[in-house]
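Structure data (mmCIF, C-alpha atoms and all ligand atoms) from input04.cif:
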data_target
loop_
_atom_site.label_atom_id
_atom_site.label_comp_id
_atom_site.auth_asym_id
_atom_site.auth_seq_id
_atom_site.Cartn_x
_atom_site.Cartn_y
_atom_site.Cartn_z
CA MET V 18 123.38 148.82 -14.32
CA THR V 19 120.06 148.51 -16.11
CA ILE V 20 116.91 147.15 -14.44
CA LEU V 21 114.52 145.32 -16.80
CA ILE V 22 110.83 145.78 -15.95
CA THR V 23 108.49 143.24 -17.58
CA GLY V 24 104.72 143.64 -17.88
CA ALA V 25 104.69 147.34 -18.78
CA ARG V 26 100.92 147.21 -19.24
CA GLY V 27 100.37 145.53 -15.87
CA LYS V 28 99.24 147.59 -12.89
CA VAL V 29 102.29 146.67 -10.85
CA GLY V 30 104.83 146.74 -13.72
CA GLN V 31 103.74 150.25 -14.66
CA GLY V 32 104.12 151.40 -11.06
CA VAL V 33 107.57 149.86 -10.64
CA ALA V 34 108.82 151.44 -13.88
CA GLY V 35 107.52 154.89 -12.88
CA ARG V 36 109.12 154.74 -9.43
CA LEU V 37 112.54 153.64 -10.68
CA LYS V 38 112.57 156.16 -13.53
CA SER V 39 111.70 159.07 -11.28
CA ALA V 40 114.40 158.00 -8.81
CA GLY V 41 116.92 158.16 -11.69
CA HIS V 42 117.66 154.43 -12.05
CA PRO V 43 118.49 153.19 -15.55
CA VAL V 44 115.50 151.05 -16.58
CA ARG V 45 114.46 149.11 -19.67
CA VAL V 46 110.68 148.70 -19.84
CA ALA V 47 109.29 145.70 -21.72
CA SER V 48 105.88 144.50 -22.78
CA ALA V 49 104.40 141.66 -24.78
CA GLU V 50 102.54 144.40 -26.71
CA PRO V 51 104.84 147.43 -26.59
CA SER V 52 103.46 150.88 -27.24
CA GLY V 53 105.57 154.04 -27.29
CA ASP V 54 109.24 154.44 -28.21
CA ASP V 55 110.66 153.66 -24.78
CA VAL V 56 109.04 150.19 -24.41
CA ILE V 57 110.68 147.15 -25.98
CA GLU V 58 109.04 143.90 -27.04
CA LEU V 59 109.44 140.96 -24.65
CA LYS V 60 107.18 137.95 -24.84
CA LEU V 61 107.99 135.75 -21.85
CA ASN V 62 106.91 132.63 -23.74
CA ARG V 63 109.09 133.50 -26.80
CA PRO V 64 112.81 132.92 -26.04
CA GLU V 65 113.87 134.63 -29.29
CA THR V 66 112.88 137.95 -27.64
CA PHE V 67 115.10 137.39 -24.55
CA ASP V 68 118.65 138.27 -25.74
CA ALA V 69 117.91 141.86 -26.68
CA ALA V 70 115.78 142.46 -23.58
CA LEU V 71 118.42 141.10 -21.16
CA ASP V 72 121.58 142.54 -22.75
CA GLY V 73 123.40 144.68 -20.14
CA VAL V 74 120.76 144.02 -17.47
CA ASP V 75 121.65 143.53 -13.80
CA GLN V 76 118.19 143.09 -12.22
CA VAL V 77 114.72 142.10 -13.45
CA PHE V 78 111.17 142.72 -12.24
CA LEU V 79 109.41 139.64 -13.61
CA TYR V 80 105.82 138.57 -14.21
CA PRO V 81 105.40 134.79 -13.89
CA GLU V 82 105.23 132.92 -17.20
CA PRO V 83 106.15 129.22 -16.94
CA ASP V 84 106.36 128.67 -20.72
CA GLY V 85 109.86 129.88 -21.47
CA ILE V 86 111.09 130.36 -17.89
CA ASP V 87 113.98 127.88 -18.24
CA ALA V 88 115.26 129.71 -21.32
CA PHE V 89 114.70 133.05 -19.56
CA VAL V 90 116.83 131.92 -16.59
CA LYS V 91 119.61 130.65 -18.88
CA THR V 92 119.69 133.87 -20.88
CA ALA V 93 119.60 135.97 -17.71
CA GLU V 94 122.50 134.05 -16.16
CA ALA V 95 124.54 134.37 -19.37
CA ALA V 96 123.79 138.12 -19.54
CA GLY V 97 125.14 138.65 -16.00
CA VAL V 98 121.81 139.29 -14.25
CA SER V 99 122.31 139.07 -10.48
CA HIS V 100 118.81 139.51 -8.99
CA ILE V 101 115.21 138.86 -10.04
CA VAL V 102 112.14 140.17 -8.21
CA LEU V 103 109.17 137.97 -9.11
CA LEU V 104 105.54 139.07 -8.92
CA SER V 105 104.35 135.73 -7.54
CA SER V 106 101.16 135.02 -5.58
CA SER V 107 100.13 133.99 -2.06
CA SER V 108 98.31 131.11 -3.74
CA VAL V 109 101.65 129.22 -3.99
CA LEU V 110 101.37 128.69 -0.24
CA GLY V 111 98.05 126.81 -0.57
CA PRO V 112 97.84 123.14 0.41
CA ASN V 113 97.26 121.94 -3.15
CA ALA V 114 99.25 124.59 -5.03
CA ASP V 115 100.66 122.18 -7.64
CA ASN V 116 97.16 121.37 -8.86
CA ASP V 117 95.62 124.80 -8.26
CA PRO V 118 95.28 126.72 -11.55
CA LEU V 119 95.52 130.01 -9.60
CA ALA V 120 98.90 128.97 -8.16
CA SER V 121 100.59 126.56 -10.53
CA HIS V 122 102.08 129.11 -12.97
CA SER V 123 103.65 131.18 -10.19
CA LEU V 124 104.87 128.04 -8.42
CA ALA V 125 106.53 126.70 -11.58
CA VAL V 126 108.36 130.00 -12.07
CA GLU V 127 109.42 130.18 -8.40
CA ARG V 128 110.86 126.65 -8.70
CA ALA V 129 112.80 127.46 -11.87
CA LEU V 130 114.24 130.59 -10.26
CA THR V 131 115.10 128.75 -7.03
CA ALA V 132 117.05 126.18 -9.07
CA SER V 133 119.08 128.95 -10.75
CA ASN V 134 122.24 130.77 -9.64
CA LEU V 135 120.33 134.05 -9.36
CA THR V 136 119.39 135.84 -6.15
CA CYS V 137 115.59 135.86 -6.15
CA THR V 138 112.99 137.85 -4.24
CA PHE V 139 109.49 136.39 -4.32
CA LEU V 140 106.67 138.87 -3.73
CA ARG V 141 103.53 136.85 -2.95
CA PRO V 142 100.56 139.21 -2.87
CA ASP V 143 97.08 138.13 -1.87
CA ALA V 144 94.05 139.59 -3.73
CA PHE V 145 94.61 142.94 -5.48
CA ALA V 146 92.20 145.82 -4.70
CA SER V 147 91.98 146.23 -8.47
CA ASN V 148 90.08 142.92 -8.74
CA ALA V 149 87.06 145.10 -7.89
CA LEU V 150 87.22 146.33 -11.49
CA GLY V 151 85.45 143.05 -12.29
CA TRP V 152 82.31 144.70 -10.84
CA ALA V 153 82.71 147.91 -12.88
CA TYR V 154 80.44 146.98 -15.77
CA PHE V 155 77.56 145.91 -13.49
CA ILE V 156 77.88 148.95 -11.23
CA GLY V 157 78.08 151.22 -14.28
CA GLN V 158 74.85 149.67 -15.60
CA ASN V 159 73.13 149.94 -12.18
CA MET V 160 72.86 146.17 -12.00
CA PRO V 161 73.06 144.26 -8.71
CA ILE V 162 76.32 142.49 -7.85
CA GLN V 163 75.59 138.78 -7.58
CA LEU V 164 77.94 136.89 -5.30
CA ALA V 165 77.95 133.38 -3.87
CA TYR V 166 80.25 134.42 -1.01
CA PRO V 167 79.60 138.13 -0.28
CA ASP V 168 81.05 137.73 3.22
CA ALA V 169 84.41 136.29 2.16
CA ASN V 170 87.08 137.99 4.30
CA ILE V 171 90.16 139.29 2.50
CA ALA V 172 92.61 142.16 2.96
CA PRO V 173 92.96 143.58 -0.57
CA ILE V 174 96.29 145.14 -1.45
CA HIS V 175 96.59 148.31 -3.53
CA PRO V 176 98.78 147.53 -6.61
CA ASP V 177 100.81 150.69 -5.81
CA ASP V 178 101.78 149.13 -2.45
CA ILE V 179 103.19 146.14 -4.35
CA ALA V 180 105.03 148.55 -6.67
CA ASP V 181 106.53 150.40 -3.66
CA ILE V 182 107.73 147.11 -2.17
CA ALA V 183 109.09 145.84 -5.50
CA ALA V 184 110.97 149.13 -6.06
CA GLU V 185 112.51 148.80 -2.59
CA ALA V 186 113.50 145.17 -3.30
CA LEU V 187 115.27 146.35 -6.49
CA THR V 188 117.05 149.33 -4.98
CA GLY V 189 117.76 148.38 -1.33
CA GLU V 190 119.23 145.41 0.50
CA ALA V 191 116.61 144.73 3.20
CA LEU V 192 114.13 142.77 1.08
CA LYS V 193 116.59 141.20 -1.36
CA GLY V 194 116.44 137.38 -1.46
CA ARG V 195 113.33 137.09 0.71
CA SER V 196 109.96 135.39 0.04
CA ILE V 197 107.31 137.81 1.30
CA THR V 198 103.55 137.36 1.54
CA LEU V 199 101.75 140.67 1.02
CA THR V 200 98.27 141.93 1.88
CA GLY V 201 96.58 145.22 2.56
CA ALA V 202 96.33 146.31 6.19
CA HIS V 203 92.55 146.12 6.57
CA PRO V 204 90.27 143.09 6.30
CA LEU V 205 87.17 143.75 4.17
CA THR V 206 84.50 141.36 2.93
CA PHE V 207 83.27 141.72 -0.66
CA ARG V 208 80.08 143.24 0.78
CA GLU V 209 82.19 145.80 2.68
CA GLN V 210 84.26 146.59 -0.43
CA LEU V 211 81.04 147.24 -2.33
CA ALA V 212 79.82 149.48 0.50
CA VAL V 213 83.05 151.51 0.19
CA ILE V 214 82.55 151.87 -3.58
CA SER V 215 78.90 152.78 -3.01
CA ASN V 216 79.96 155.49 -0.57
CA VAL V 217 82.59 156.86 -3.00
CA LEU V 218 80.05 156.95 -5.86
CA ASP V 219 77.30 158.19 -3.54
CA ARG V 220 74.78 155.68 -4.80
CA GLU V 221 73.34 152.32 -3.80
CA ILE V 222 74.95 149.14 -5.07
CA PRO V 223 72.60 146.23 -4.40
CA VAL V 224 74.27 142.93 -3.48
CA GLU V 225 72.45 139.67 -4.23
CA LYS V 226 73.55 136.37 -2.74
CA ILE V 227 73.41 133.57 -5.31
CA SER V 228 74.09 129.85 -5.01
CA HIS V 229 77.51 128.30 -5.52
CA ALA V 230 76.14 126.51 -8.61
CA GLU V 231 74.78 129.74 -10.11
CA ALA V 232 78.11 131.53 -9.53
CA GLU V 233 79.89 128.60 -11.17
CA ARG V 234 77.59 128.89 -14.19
CA GLN V 235 78.12 132.66 -14.51
CA MET V 236 81.91 132.63 -14.02
CA SER V 237 82.37 129.73 -16.47
CA ARG V 238 81.37 132.12 -19.26
CA TYR V 239 84.70 133.95 -19.00
CA MET V 240 87.04 131.65 -17.02
CA PRO V 241 88.21 128.02 -17.38
CA ALA V 242 86.28 125.61 -15.12
CA PRO V 243 89.27 124.66 -12.88
CA ALA V 244 89.98 128.33 -12.11
CA VAL V 245 86.29 128.89 -11.30
CA SER V 246 86.25 125.93 -8.88
CA SER V 247 89.46 127.10 -7.25
CA LEU V 248 88.25 130.70 -6.77
CA LEU V 249 84.87 129.65 -5.39
CA ALA V 250 86.56 127.22 -2.96
CA LEU V 251 88.90 130.03 -1.85
CA TRP V 252 86.00 132.42 -1.20
CA ALA V 253 83.98 129.71 0.59
CA ALA V 254 86.92 129.09 2.92
CA ALA V 255 87.47 132.85 3.38
CA SER V 256 83.83 133.20 4.49
CA ALA V 257 84.46 130.92 7.45
CA GLU V 258 87.66 132.52 8.76
CA PRO V 259 89.00 136.00 9.51
CA ALA V 260 91.26 137.51 6.85
CA VAL V 261 94.96 136.89 7.29
CA ILE V 262 97.03 140.08 7.41
CA ALA V 263 100.57 139.42 6.20
CA ASP V 264 103.36 141.89 5.46
CA THR V 265 102.32 145.32 4.23
CA THR V 266 104.08 148.57 3.32
CA GLU V 267 103.74 149.38 7.04
CA THR V 268 105.71 146.36 8.23
CA LEU V 269 108.23 146.40 5.37
CA LEU V 270 108.70 150.09 4.56
CA ARG V 271 107.31 151.88 7.67
CA LYS V 272 104.78 153.56 5.39
CA PRO V 273 100.98 153.23 5.95
CA ALA V 274 99.32 150.77 3.57
CA ARG V 275 96.97 152.39 1.05
CA THR V 276 93.34 151.69 1.89
CA PHE V 277 90.70 150.15 -0.32
CA GLU V 278 88.83 153.45 -0.08
CA GLN V 279 91.84 155.24 -1.57
CA TRP V 280 91.91 152.73 -4.43
CA ALA V 281 88.16 153.20 -4.97
CA ARG V 282 88.47 157.02 -5.06
CA GLU V 283 91.36 156.83 -7.55
CA ASN V 284 89.35 154.48 -9.78
CA ALA V 285 85.85 155.90 -9.33
CA ALA V 286 85.59 156.81 -13.02
CA ALA V 287 85.82 153.12 -13.96
CA PHE V 288 82.48 152.47 -12.21
CA SER V 289 80.50 155.26 -13.84
CA GLY V 290 79.31 153.31 -16.92
N1 LIG T 1 94.86 139.93 -9.29
C1 LIG T 1 95.19 139.37 -8.14
O1 LIG T 1 94.44 139.35 -7.15
C2 LIG T 1 96.55 138.74 -8.00
C3 LIG T 1 96.94 138.22 -6.77
C4 LIG T 1 98.21 137.65 -6.66
C5 LIG T 1 99.06 137.61 -7.75
N2 LIG T 1 98.63 138.12 -8.95
C6 LIG T 1 99.53 138.04 -10.12
O2 LIG T 1 99.74 139.32 -10.70
C7 LIG T 1 99.89 139.20 -12.11
C8 LIG T 1 98.99 140.15 -12.91
O3 LIG T 1 97.92 140.57 -12.16
P1 LIG T 1 96.56 141.12 -12.78
O4 LIG T 1 95.72 139.96 -13.11
O5 LIG T 1 95.99 142.12 -11.86
O6 LIG T 1 96.92 141.77 -14.16
P2 LIG T 1 97.42 143.20 -14.65
O7 LIG T 1 97.97 144.03 -13.56
O8 LIG T 1 96.36 143.74 -15.51
O9 LIG T 1 98.66 142.74 -15.50
C9 LIG T 1 98.49 142.17 -16.77
C10 LIG T 1 99.78 142.46 -17.55
O10 LIG T 1 100.87 141.86 -16.89
C11 LIG T 1 101.78 141.35 -17.80
N3 LIG T 1 101.73 139.91 -17.60
C12 LIG T 1 100.96 139.23 -16.76
N4 LIG T 1 101.18 137.91 -16.86
C13 LIG T 1 102.11 137.77 -17.77
C14 LIG T 1 102.74 136.68 -18.33
N5 LIG T 1 102.43 135.44 -17.96
N6 LIG T 1 103.64 136.89 -19.30
C15 LIG T 1 103.93 138.13 -19.66
N7 LIG T 1 103.38 139.20 -19.15
C16 LIG T 1 102.47 139.03 -18.24
C17 LIG T 1 101.29 141.75 -19.16
O11 LIG T 1 101.90 142.96 -19.48
P3 LIG T 1 102.46 143.22 -20.96
O12 LIG T 1 101.36 142.84 -21.88
O13 LIG T 1 102.78 144.67 -20.97
O14 LIG T 1 103.68 142.35 -21.14
C18 LIG T 1 99.81 141.91 -18.92
O15 LIG T 1 99.24 142.84 -19.80
C19 LIG T 1 99.59 137.75 -12.45
O16 LIG T 1 100.80 137.07 -12.62
C20 LIG T 1 98.87 137.21 -11.23
O17 LIG T 1 99.10 135.84 -11.00
C21 LIG T 1 97.41 138.68 -9.10
#
Written as structure tokens, that's how I'd like the structure from this file.
Amino acid sequence: MTILITGARGKVGQGVAGRLKSAGHPVRVASAEPSGDDVIELKLNRPETFDAALDGVDQVFLYPEPDGIDAFVKTAEAAGVSHIVLLSSSSVLGPNADNDPLASHSLAVERALTASNLTCTFLRPDAFASNALGWAYFIGQNMPIQLAYPDANIAPIHPDDIADIAAEALTGEALKGRSITLTGAHPLTFREQLAVISNVLDREIPVEKISHAEAERQMSRYMPAPAVSSLLALWAAASAEPAVIADTTETLLRKPARTFEQWARENAAAFSG
């Protein structure tokens, strides 16, 4: 039976599709902006795109989009879908998740899926290693990286680790139906992540500590104010505590978690300006 993979342009969606295809599973790959003959159009906030995408589908790898999720669930149930693996977020476990703009969209989708007749697997990753691409422009231009919380402790997860775990959830029984918080295996502060990138590029990357207010001002240029406040509060809290290590490919698949250094080596070109 066919497995529908949403978010074909996403780092994790791409990885899941590649893994299932090379293992010979029948997949249908979907994107809001499809490119290439083998990708179909699916806009998760446009129910008129759901019937064709879900026809003949047994399982779905889903990105969280609350607008349209009720219609998506209804169409999936009617099409005979049995299992959905959701790319959720560890932020849904936060104390104020309902009002946290980083968490609320994933939480709304988790709730809609929980209320359905479908078997659901919730993958709740913490910060992706690929968030470091946010520094690429500055590093490429030899500019310092300005951070309010350079010593925030996190354990970034390689998007390919999430793809490995999602592929296992779609093809095996062990992870099916579980809610799993995911991290990388190694705690690293932002300063330490930048030192890894510096080492990979073999050049200095200066780090400048700036005030909370200055970071707020800078981030508000490209992010809504509530998301800025939420991220800065998260990093402030992460500066005061050790990083939490949750499940990894090691604990779930008996396969060493990819390191941040590996991610940095694979993506070194992105930092070269
Ligand atoms: N970055 C993190 O640290 C982190 C941590 C925990 C959870 N997450 C979750 O992971 C997801 C994407 O992560 P990312 O920021 O790193 O982006 P990304 O991998 O660049 O993925 C972006 C792509 O994912 C698909 N997508 C994402 N949200 C969608 C939505 N609401 N409706 C339809 N398609 C959607 C789209 O693919 P198409 O255009 O091909 O449809 C989009 O181009 C988000 O849902 C985010 O909450 C991220």
Mind giving me the straight-line distance from atom CA of V:Ser106 to atom CA of V:Pro83 in Å, one decimal? 13.7 Å
Sorted by chain and rising residue number, which residues of chain V lie within 8 Å of ligand LIG 1 (chain T), and what are their closest atom pairs and distances in Å to one decimal, counting only C-alpha atoms and all ligand atoms, as CSV?
residue,atom,partner,partner_atom,distance
V:Thr23,CA,T:LIG1,O14,6.0
V:Gly24,CA,T:LIG1,O11,3.3
V:Ala25,CA,T:LIG1,O13,3.9
V:Arg26,CA,T:LIG1,O13,3.6
V:Gly27,CA,T:LIG1,O9,3.3
V:Lys28,CA,T:LIG1,O7,3.8
V:Val29,CA,T:LIG1,O7,5.7
V:Gly30,CA,T:LIG1,O10,7.0
V:Ala47,CA,T:LIG1,O14,6.6
V:Ser48,CA,T:LIG1,O14,3.5
V:Ala49,CA,T:LIG1,O14,3.8
V:Glu50,CA,T:LIG1,O12,5.2
V:Pro51,CA,T:LIG1,O13,6.6
V:Leu59,CA,T:LIG1,O14,6.9
V:Lys60,CA,T:LIG1,C15,6.1
V:Leu61,CA,T:LIG1,N6,5.2
V:Asn62,CA,T:LIG1,N6,7.0
V:Tyr80,CA,T:LIG1,C13,5.2
V:Pro81,CA,T:LIG1,N5,5.1
V:Glu82,CA,T:LIG1,N5,3.8
V:Pro83,CA,T:LIG1,N5,7.3
V:Leu104,CA,T:LIG1,O2,6.1
V:Ser105,CA,T:LIG1,C5,5.6
V:Ser106,CA,T:LIG1,C5,4.0
V:Ser107,CA,T:LIG1,C4,6.2
V:Ser108,CA,T:LIG1,C4,7.2
V:Leu119,CA,T:LIG1,O17,7.0
V:Ala120,CA,T:LIG1,O17,7.4
V:His122,CA,T:LIG1,O17,7.6
V:Ser123,CA,T:LIG1,O17,6.6
V:Arg141,CA,T:LIG1,C4,6.5
V:Pro142,CA,T:LIG1,C4,4.7
V:Asp143,CA,T:LIG1,C3,4.9
V:Ala144,CA,T:LIG1,O1,3.5
V:Phe145,CA,T:LIG1,O1,4.0
V:Ala146,CA,T:LIG1,O1,7.3
V:Ser147,CA,T:LIG1,O5,6.7
V:Asn148,CA,T:LIG1,N1,5.7
V:Pro173,CA,T:LIG1,O1,8.0
V:Pro176,CA,T:LIG1,O7,7.8
Could you state the separation of atom CA of V:Gly73 and atom CA of V:Arg195 in Å, given to one decimal place? 24.4 Å
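Using all atoms listed in the file, the smallest distance between any of V:Thr19, V:Thr268, V:Ser228, V:Gln235 and V:Leu199 comes from V:Thr268.
Counting all atoms listed in the file and comparing V:Leu135, V:Ile182, V:Ile22, V:Val109, the residue that lies closest to V:Val90 is V:Leu135.
Shortest separation to V:Ala287 among V:Pro43, V:Gly97, V:Gly111, V:Gly157 occurs at residue V:Gly157, atoms counted being only C-alpha atoms.
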Atomic separation - atom CA of V:Ser52 relative to atom CA of V:Gln76, Å: 22.4 Å
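The smallest atom-to-atom distance between V:Asp178 and any of V:Phe207, V:Trp252, V:Phe288, V:Trp280, using all atoms listed in the file, is found for V:Trp280.
For V:Lys193, the list of residues within 10 Å, based on only C-alpha atoms and with local chain neighbours fewer than 4 positions off taken out, reads His100, Ile101, Val102, Thr136, Cys137, Thr138, Phe139, Ala183, Glu185, Ala186, Leu187, Thr188 and Gly189 of chain V.
Nearest to V:Ser99 of all the residues V:Ala70, V:Ser133, V:Glu278, V:Asp168 is V:Ser133, counting only C-alpha atoms.
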Of the candidates V:Asn116, V:Asn216, V:Thr265, V:Asn170, which one gets nearest to V:Ala244 if we count only C-alpha atoms? V:Asn116
